[in-house]
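Visitor: Could you have a look at this structure, given as structure tokens, before my questions?
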Amino acid sequence: KENTTLQQVHDNIFIGNKVATSLEEMLDDRASHLDVCLKLQRGRRTTPLSEILKESTFNLLQLDLLHNLNDGEVTALAEMLKENSTLQQLDVSHNSIGNEGVTTLAEILKENTTLQQLNVGFNSIGNGGATALAEMLKENRTLQQLSVSDNSIGDGG
């Protein structure tokens, strides 16, 4: 049966191969005007993050990636942000992101014109990552909220 009333998906979704396919099929007909919030949590996700983000055709407004990412996986996220024109909120807190990952993210966000909120709290970001975020803020004109709480940023960051 076709869904004609769904306006937003907002739930803790454990993405696996079957769930990702089902979600795409359910949303496919409404993809051009559906706003989606995805919360992807570690555990049952078997589809690589890069595939989920690349294949998604819906209007992704909010993306929560708690307990999902390390520096290497941030590259896939950064690639998605290059092409994305709808994401407004990104929460990558409570991960294993360090200076390398946040620097990759900061470089992409220098040119991003849609993201308004970014949470990188509770990671392993140090002074180098804080410096990269500060440099990004000099160029980015749309980011309104940035959370860096509970990282390893010292006086030099």
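Ligands are numbered from 1 in the order shown, residues from 1 within each chain, and chains are lettered A, B, ... in the order they appear in the structure tokens.
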So that I can check the surroundings of Asn151 (chain A), please list as a VMD selection string every protein, DNA and RNA residue that reaches within 7 Å of it, counting only C-alpha atoms and ignoring chain neighbours fewer than 2 positions away.

Guide: chain A and resid 121 to 126 148 to 149 153

Visitor: Could you go through region 73-115 of chain A and tell me which residues DSSP, when run on the backbone, assigns to strand (DSSP E or B), listing them as a ChimeraX atom specification?

Guide: /A:89-91,96

Visitor: Record the distance separating CA of Leu118 (chain A) and CA of Gly154 (chain A), expressed in Å with one decimal.

Guide: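 Separating CA of Leu118 (chain A) from CA of Gly154 (chain A) is a distance of 20.2 Å.
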